[in-house]
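Raw contents of start37.cif, mmCIF, C-alpha atoms:
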```cif
data_coords
#
loop_
_atom_site.label_atom_id
_atom_site.label_comp_id
_atom_site.auth_asym_id
_atom_site.auth_seq_id
_atom_site.Cartn_x
_atom_site.Cartn_y
_atom_site.Cartn_z
CA MET I 28 -28.44 126.78 101.79
CA PHE I 29 -28.11 124.09 99.11
CA CYS I 30 -24.30 124.15 99.28
CA ALA I 31 -24.35 123.98 103.10
CA SER I 32 -26.69 120.99 103.21
CA SER I 33 -25.32 118.86 100.38
CA GLY I 34 -21.67 119.86 100.36
CA CYS I 35 -19.40 121.89 98.14
CA LYS I 36 -18.74 119.02 95.72
CA GLU I 37 -22.42 118.42 94.97
CA CYS I 38 -23.00 122.16 94.60
CA CYS I 39 -20.16 122.50 92.08
CA GLU I 40 -21.36 119.47 90.15
CA ARG I 41 -24.86 120.92 89.98
CA CYS I 42 -23.59 124.31 88.82
CA VAL I 43 -21.30 122.80 86.18
CA GLY I 44 -24.02 120.45 85.00
CA SER I 45 -26.52 123.27 84.59
CA LEU I 46 -24.29 125.18 82.14
CA PRO I 47 -25.00 124.67 78.42
CA TRP I 48 -21.36 124.29 77.40
CA ALA I 49 -22.00 123.89 73.67
CA SER I 50 -24.14 127.03 73.48
CA LEU I 51 -21.75 128.90 75.79
CA ILE I 52 -18.70 128.14 73.65
CA ALA I 53 -20.60 129.02 70.46
CA THR I 54 -21.79 132.30 72.01
CA ILE I 55 -18.25 133.29 73.01
CA LEU I 56 -16.98 132.41 69.52
CA LEU I 57 -19.81 134.39 67.93
CA TYR I 58 -19.14 137.48 70.06
CA MET I 59 -15.42 137.28 69.36
CA GLY I 60 -16.00 136.93 65.62
CA VAL I 61 -18.58 139.71 65.43
CA ALA I 62 -16.44 142.05 67.57
CA LEU I 63 -13.37 141.34 65.43
CA PHE I 64 -15.27 141.83 62.18
CA CYS I 65 -17.11 144.98 63.25
CA GLY I 66 -14.16 146.68 64.95
CA CYS I 67 -11.53 145.88 62.34
CA GLY I 68 -13.96 146.37 59.45
CA HIS I 69 -14.98 149.80 60.70
CA GLU I 70 -11.38 150.97 61.09
CA ALA I 71 -10.40 149.44 57.74
CA LEU I 72 -13.16 151.41 56.01
CA SER I 73 -11.94 154.58 57.70
CA GLY I 74 -8.40 153.81 56.48
CA THR I 75 -9.75 153.30 52.97
CA ILE I 76 -11.26 156.79 53.04
CA THR I 77 -7.89 158.22 54.10
CA ILE I 78 -6.06 156.41 51.27
CA LEU I 79 -8.60 157.55 48.68
CA GLN I 80 -8.40 161.16 49.78
CA ASN I 81 -4.64 161.46 50.31
CA TYR I 82 -3.17 159.42 47.46
CA PHE I 83 -5.89 159.10 44.83
CA GLU I 84 -7.30 162.59 45.43
CA VAL I 85 -10.90 161.40 45.42
CA ILE I 86 -13.28 164.11 46.62
CA ARG I 87 -16.62 163.48 48.30
CA ALA I 88 -19.45 164.42 45.94
CA PRO I 89 -21.74 167.21 47.17
CA GLY I 90 -25.37 166.51 47.96
CA ASP I 91 -26.96 163.07 47.99
CA VAL I 92 -24.91 161.62 45.16
CA LEU I 93 -24.10 157.93 45.59
CA ASP I 94 -20.31 157.82 45.50
CA VAL I 95 -17.70 155.59 47.11
CA PHE I 96 -17.75 157.59 50.35
CA THR I 97 -21.52 157.24 50.67
CA ILE I 98 -21.21 153.49 50.11
CA ILE I 99 -18.54 153.28 52.82
CA ASP I 100 -20.83 155.18 55.22
CA ILE I 101 -23.65 152.73 54.44
CA LEU I 102 -21.30 149.81 55.14
CA LYS I 103 -20.44 151.36 58.50
CA TYR I 104 -24.12 151.57 59.45
CA ILE I 105 -24.53 147.93 58.42
CA ILE I 106 -21.65 147.07 60.76
CA TYR I 107 -23.42 148.90 63.60
CA GLY I 108 -26.59 146.90 62.91
CA LEU I 109 -24.69 143.61 62.81
CA ALA I 110 -23.05 144.31 66.16
CA ALA I 111 -26.35 145.13 67.87
CA GLY I 112 -28.39 142.40 66.21
CA PHE I 113 -26.01 139.55 66.87
CA PHE I 114 -25.54 140.60 70.47
CA VAL I 115 -29.27 140.05 71.00
CA PHE I 116 -29.23 136.87 68.92
CA GLY I 117 -26.37 135.42 70.97
CA VAL I 118 -28.30 136.10 74.19
CA LEU I 119 -31.37 134.30 72.79
CA LEU I 120 -29.31 131.28 71.79
CA LEU I 121 -27.64 131.16 75.19
CA VAL I 122 -31.00 131.35 76.98
CA GLU I 123 -32.30 128.51 74.81
CA GLY I 124 -29.27 126.46 75.81
CA PHE I 125 -29.94 127.08 79.50
CA PHE I 126 -33.56 125.98 79.16
CA THR I 127 -32.56 122.62 77.73
CA THR I 128 -30.15 121.64 80.49
CA GLY I 129 -31.05 118.98 83.04
CA ALA I 130 -31.06 121.29 86.06
CA ILE I 131 -33.55 123.71 84.51
CA ARG I 132 -35.78 120.85 83.32
CA ASP I 133 -35.84 119.44 86.84
CA LEU I 134 -36.73 122.87 88.21
CA TYR I 135 -39.60 123.78 85.86
CA GLY I 136 -40.78 120.36 84.72
CA GLU I 137 -40.70 118.52 81.40
CA PHE I 138 -44.02 119.72 80.05
CA LYS I 139 -43.17 123.43 80.06
CA ILE I 140 -39.77 122.81 78.53
CA THR I 141 -41.02 120.52 75.76
CA ALA I 142 -44.04 122.71 74.95
CA CYS I 143 -42.22 126.04 74.81
CA GLY I 144 -38.72 124.81 74.10
CA ARG I 145 -39.57 122.99 70.87
CA CYS I 146 -41.16 126.12 69.37
CA LEU I 147 -38.24 128.29 70.46
CA THR I 148 -35.64 125.79 69.24
CA ALA I 149 -37.32 125.43 65.83
CA PHE I 150 -37.51 129.21 65.43
CA LEU I 151 -33.86 129.67 66.41
CA MET I 152 -32.77 126.87 64.07
CA VAL I 153 -34.34 128.70 61.13
CA LEU I 154 -32.73 131.99 62.19
CA ALA I 155 -29.35 130.33 62.74
CA TYR I 156 -29.44 128.79 59.27
CA LEU I 157 -30.38 132.11 57.65
CA PHE I 158 -27.65 133.94 59.56
CA PHE I 159 -25.20 131.21 58.58
CA LEU I 160 -25.93 132.02 54.93
CA VAL I 161 -25.63 135.73 55.72
CA TRP I 162 -22.19 135.29 57.26
CA LEU I 163 -21.09 133.17 54.33
CA GLY I 164 -21.99 136.10 52.07
CA VAL I 165 -20.25 138.55 54.40
CA THR I 166 -17.11 136.39 54.37
CA ALA I 167 -17.13 136.25 50.57
CA PHE I 168 -17.69 140.01 50.36
CA THR I 169 -14.89 140.74 52.84
CA SER I 170 -12.45 138.66 50.80
CA LEU I 171 -12.72 141.16 47.91
CA PRO I 172 -10.98 144.11 49.64
CA VAL I 173 -8.46 141.66 51.11
CA PHE I 174 -7.61 140.51 47.58
CA MET I 175 -7.38 144.09 46.26
CA TYR I 176 -5.22 145.32 49.11
CA TYR I 177 -3.02 142.24 48.83
CA ASN I 178 -2.30 143.13 45.21
CA ILE I 179 -1.42 146.71 46.16
CA TRP I 180 0.67 145.53 49.10
CA SER I 181 2.51 143.05 46.85
CA MET I 182 3.27 145.81 44.35
CA CYS I 183 4.73 147.92 47.13
CA GLN I 184 6.80 145.03 48.47
CA ASN I 185 8.16 144.36 44.97
CA ALA I 186 8.52 147.98 43.95
CA SER I 187 12.10 147.48 42.75
CA SER I 188 11.16 144.62 40.41
CA VAL I 189 8.19 146.47 38.85
CA GLU I 190 9.94 149.81 38.60
CA GLY I 191 10.28 149.74 34.83
CA ALA I 192 6.92 148.07 34.15
CA ASN I 193 4.87 151.26 34.61
CA LEU I 194 1.92 149.60 36.32
CA CYS I 195 -1.00 151.71 37.47
CA LEU I 196 -3.70 151.37 40.09
CA ASP I 197 -6.82 152.72 38.43
CA LEU I 198 -9.88 153.14 40.65
CA ARG I 199 -12.15 152.82 37.63
CA GLN I 200 -11.26 149.12 37.49
CA PHE I 201 -12.70 148.66 40.98
CA GLY I 202 -15.83 150.74 40.40
CA ALA I 203 -14.79 153.30 43.01
CA VAL I 204 -15.14 156.23 40.61
CA THR I 205 -16.98 156.87 37.36
CA ILE I 206 -15.51 156.17 33.95
CA LEU I 207 -14.97 159.86 33.28
CA GLU I 208 -12.80 160.35 36.35
CA ASP I 209 -9.11 159.57 35.98
CA ARG I 210 -8.00 158.56 39.48
CA LYS I 211 -4.94 156.37 39.33
CA VAL I 212 -1.51 155.98 40.89
CA CYS I 213 1.31 154.50 38.82
CA THR I 214 4.50 152.79 39.94
CA GLY I 215 7.48 155.09 39.95
CA SER I 216 5.42 158.14 40.88
CA GLU I 217 5.89 160.07 44.09
CA LYS I 218 2.36 159.27 45.30
CA PHE I 219 2.98 155.55 44.84
CA PHE I 220 6.10 155.58 47.00
CA LYS I 221 4.43 157.75 49.63
CA MET I 222 1.48 155.38 49.77
CA CYS I 223 3.75 152.36 50.09
CA GLU I 224 5.79 154.00 52.85
CA SER I 225 2.72 155.15 54.79
CA ASN I 226 1.19 153.29 57.69
CA GLU I 227 -2.34 153.57 56.29
CA LEU I 228 -1.86 150.96 53.57
CA ASP I 229 -0.23 148.31 55.74
CA LEU I 230 -2.64 148.90 58.64
CA THR I 231 -5.76 148.89 56.44
CA PHE I 232 -4.67 145.68 54.70
CA HIS I 233 -4.12 143.84 57.98
CA LEU I 234 -7.37 145.21 59.42
CA PHE I 235 -9.28 143.74 56.48
CA VAL I 236 -7.49 140.43 57.07
CA CYS I 237 -8.60 140.49 60.72
CA ALA I 238 -12.15 141.38 59.66
CA LEU I 239 -12.12 138.38 57.31
CA ALA I 240 -10.93 136.17 60.17
CA GLY I 241 -13.75 137.51 62.37
CA ALA I 242 -16.33 136.73 59.67
CA GLY I 243 -14.92 133.20 59.41
CA ALA I 244 -15.18 132.79 63.18
CA ALA I 245 -18.82 133.90 63.02
CA VAL I 246 -19.48 131.26 60.34
CA ILE I 247 -17.94 128.58 62.57
CA ALA I 248 -20.04 129.83 65.49
CA MET I 249 -23.21 129.56 63.39
CA VAL I 250 -22.32 125.98 62.45
CA HIS I 251 -21.71 125.22 66.14
CA PHE I 252 -25.07 126.74 67.06
CA LEU I 253 -26.82 124.70 64.37
CA MET I 254 -25.33 121.48 65.77
CA ALA I 255 -26.32 122.41 69.33
CA LEU I 256 -29.85 123.41 68.29
CA ALA I 257 -30.30 120.21 66.27
CA ALA I 258 -29.22 118.16 69.29
CA ASN I 259 -31.59 120.11 71.55
CA TRP I 260 -34.42 119.65 69.06
CA GLY I 261 -33.86 115.90 69.02
CA TYR I 262 -33.77 115.74 72.80
CA LEU I 263 -36.93 117.81 73.19
CA LYS I 264 -38.71 115.71 70.58
CA ASP I 265 -37.82 112.52 72.45
CA ALA I 266 -38.78 114.14 75.75
CA SER I 267 -42.17 115.08 74.31
CA ARG I 268 -42.79 111.50 73.23
CA MET I 269 -41.68 110.23 76.62
CA GLN I 270 -44.02 112.71 78.29
CA LYS I 271 -46.95 111.43 76.23
CA TYR I 272 -46.01 107.85 77.11
CA GLU I 273 -45.85 108.71 80.81
CA ASP I 274 -49.25 110.43 80.61
CA ILE I 275 -50.85 107.40 78.92
CA LYS I 276 -49.23 105.03 81.41
CA LEU I 277 -50.41 107.12 84.35
CA LYS I 278 -53.91 107.28 82.93
CA GLU I 279 -54.05 103.50 82.50
CA GLU I 280 -52.77 102.95 86.02
CA GLN I 281 -55.39 105.33 87.34
CA GLU I 282 -58.12 103.49 85.44
CA LEU I 283 -56.92 100.14 86.81
CA HIS I 284 -56.89 101.59 90.30
CA ASP I 285 -60.43 102.88 89.86
CA ILE I 286 -61.58 99.47 88.59
CA HIS I 287 -60.03 97.68 91.58
CA SER I 288 -61.56 100.22 93.95
CA THR I 289 -65.00 99.76 92.39
CA ARG I 290 -64.79 95.97 92.60
CA SER I 291 -63.64 96.12 96.21
CA LYS I 292 -66.62 98.34 97.10
CA GLU I 293 -69.01 95.99 95.29
CA ARG I 294 -67.65 92.93 97.15
CA LEU I 295 -67.88 94.80 100.44
CA ASN I 296 -71.49 95.78 99.76
CA ALA I 297 -72.38 92.23 98.72
CA TYR I 298 -70.82 90.82 101.91
CA THR I 299 -72.66 93.27 104.14
#
```
For the structure just supplied, provide its representation as structure tokens.
Amino acid sequence: MFCASSGCKECCERCVGSLPWASLIATILLYMGVALFCGCGHEALSGTITILQNYFEVIRAPGDVLDVFTIIDILKYIIYGLAAGFFVFGVLLLVEGFFTTGAIRDLYGEFKITACGRCLTAFLMVLAYLFFLVWLGVTAFTSLPVFMYYNIWSMCQNASSVEGANLCLDLRQFGAVTILEDRKVCTGSEKFFKMCESNELDLTFHLFVCALAGAGAAVIAMVHFLMALAANWGYLKDASRMQKYEDIKLKEEQELHDIHSTRSKERLNAYT
């Protein structure tokens, strides 16, 4: 009905103007980063298990012993939680962006938006800052396996130049096994060449790189959300002050109108 009465151009302008573009772009970037990190990180952890079992001959400890496989399973559950939690968080941030657009303010009124929106915006700003720090830590943590796999991948790429050096990849240096366990693969051995020729190493390395890129995208999305929330907070704060000014002005005008009405009645009574 609105499009038929005011025209297609006005309808499109109203629809485009009602979209919170900053929050929408940040939400898309956040979902892309979280999906890339969670998907690639999960598959990279699965590839790490395959490499440990096939080439380093690491065996899962029986019972509830905390070994490298248990830690990898815990990291997978953390990935599941990140995917679910940031899906909900992105929806909340997008809803907050919609409630600070001009079309929604015109629909529901300034008072409701400033009263509820300031509380919601302040709460989301605190959460966004905390999650920004969380993603910074996740990015730093993800860079560690990228660095380790890059060293292994470089050794495989330069296998001919390090053939006589007798270098070894010892899992005890990375804390993957206990000190008493001797789990290592040395250059020149059959396991080393099989690992270098396999698809698991190259795929796992590039999956960790993609997971690192996804974590970086999530950090950028958090920064974008912080800028949008800070701008919304400033607007709502100014709108609240303007609302108070309008209320005071309306009250004064009403008092002046009452005074004039009283004086007019008094003059009329005196005349009669």
Counting only C-alpha atoms, which residues of region 39-119 of chain I fall within 7 Å of region 215-238 of chain I, and what is the closest atom pair for each with its distance in Å at one decimal, ordered by chain and rising number, as a tab-separated table?
```
residue	atom	partner	partner_atom	distance
I:Leu63	CA	I:Ala238	CA	5.9
I:Phe64	CA	I:Ala238	CA	4.0
I:Cys67	CA	I:Leu234	CA	5.1
I:Gly68	CA	I:Ala238	CA	5.3
I:Ala71	CA	I:Thr231	CA	4.8
I:Gly74	CA	I:Thr231	CA	5.6
I:Thr75	CA	I:Thr231	CA	6.9
I:Ile78	CA	I:Glu227	CA	6.9
I:Tyr82	CA	I:Lys218	CA	5.9
```
Practice problem: To one decimal in Å, tell me the separation between CA of Gly60 (chain I) and CA of Tyr177 (chain I). | Solution: 21.9 Å
Quiz item: Can you tell me how far CA of Phe201 (chain I) sits from CA of Leu171 (chain I), in Å to one decimal?
Solution: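 Atom-to-atom, CA of Phe201 (chain I) and CA of Leu171 (chain I) are spaced 10.2 Å apart.
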Exercise. Could you check which of I:Ala242, I:Glu123, I:Leu56, I:Ser170 is closest to Leu109 (chain I), using all atoms listed in the file?
Key: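 Smallest distance to Leu109 (chain I) is found for I:Ala242.
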Quiz item: So, counting only C-alpha atoms, which residue among I:Leu72, I:Leu120, I:Leu151, I:Val95 is closest to Arg199 (chain I)?
Solution: I:Val95
Practice problem: Go through I:Glu208, I:Cys65, I:Phe125, I:Gly241 and flag the residue nearest Leu102 (chain I), using all atoms listed in the file for the distances. | Solution: I:Cys65
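Separating CA of Ala245 (chain I) from CA of Trp162 (chain I) is a distance of 6.8 Å.
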Selection dump of the PyMOL selection byres ((chain I and resi 58) around 8), as a short mmCIF file (atom, residue, chain, number, x, y, z; two decimals) with C-alpha atoms, in the coordinates of the input:
```
data_model
loop_
_atom_site.label_atom_id
_atom_site.label_comp_id
_atom_site.auth_asym_id
_atom_site.auth_seq_id
_atom_site.Cartn_x
_atom_site.Cartn_y
_atom_site.Cartn_z
CA THR I 54 -21.79 132.30 72.01
CA ILE I 55 -18.25 133.29 73.01
CA LEU I 56 -16.98 132.41 69.52
CA LEU I 57 -19.81 134.39 67.93
CA MET I 59 -15.42 137.28 69.36
CA GLY I 60 -16.00 136.93 65.62
CA VAL I 61 -18.58 139.71 65.43
CA ALA I 62 -16.44 142.05 67.57
CA PHE I 113 -26.01 139.55 66.87
CA PHE I 114 -25.54 140.60 70.47
CA GLY I 117 -26.37 135.42 70.97
CA ALA I 245 -18.82 133.90 63.02
#
```
Box for region 65-73 of chain I - axis-aligned, 6 Å on each of the six sides, all listed atoms - centre and size in Å to one decimal, as JSON.
```
{"center_x": -13.8, "center_y": 149.8, "center_z": 60.5, "size_x": 18.7, "size_y": 21.6, "size_z": 20.9}
```
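Nearest to Phe168 (chain I) of all the residues I:Ala203, I:Leu239, I:Lys278, I:Leu256 is I:Leu239, based on only C-alpha atoms.
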Exercise. Using the chain letters and residue numbers of this document, give as a PyMOL selection string the residues selected by the PyMOL selection byres ((chain I and resi 211) around 9).
Key: chain I and resi 82-83+195-199+209-210+212-213
Exercise. Between I:Ala255, I:Ala149, I:Gln200, I:Tyr262, single out the one closest to Met175 (chain I), counting all atoms listed in the file.
Key: I:Gln200
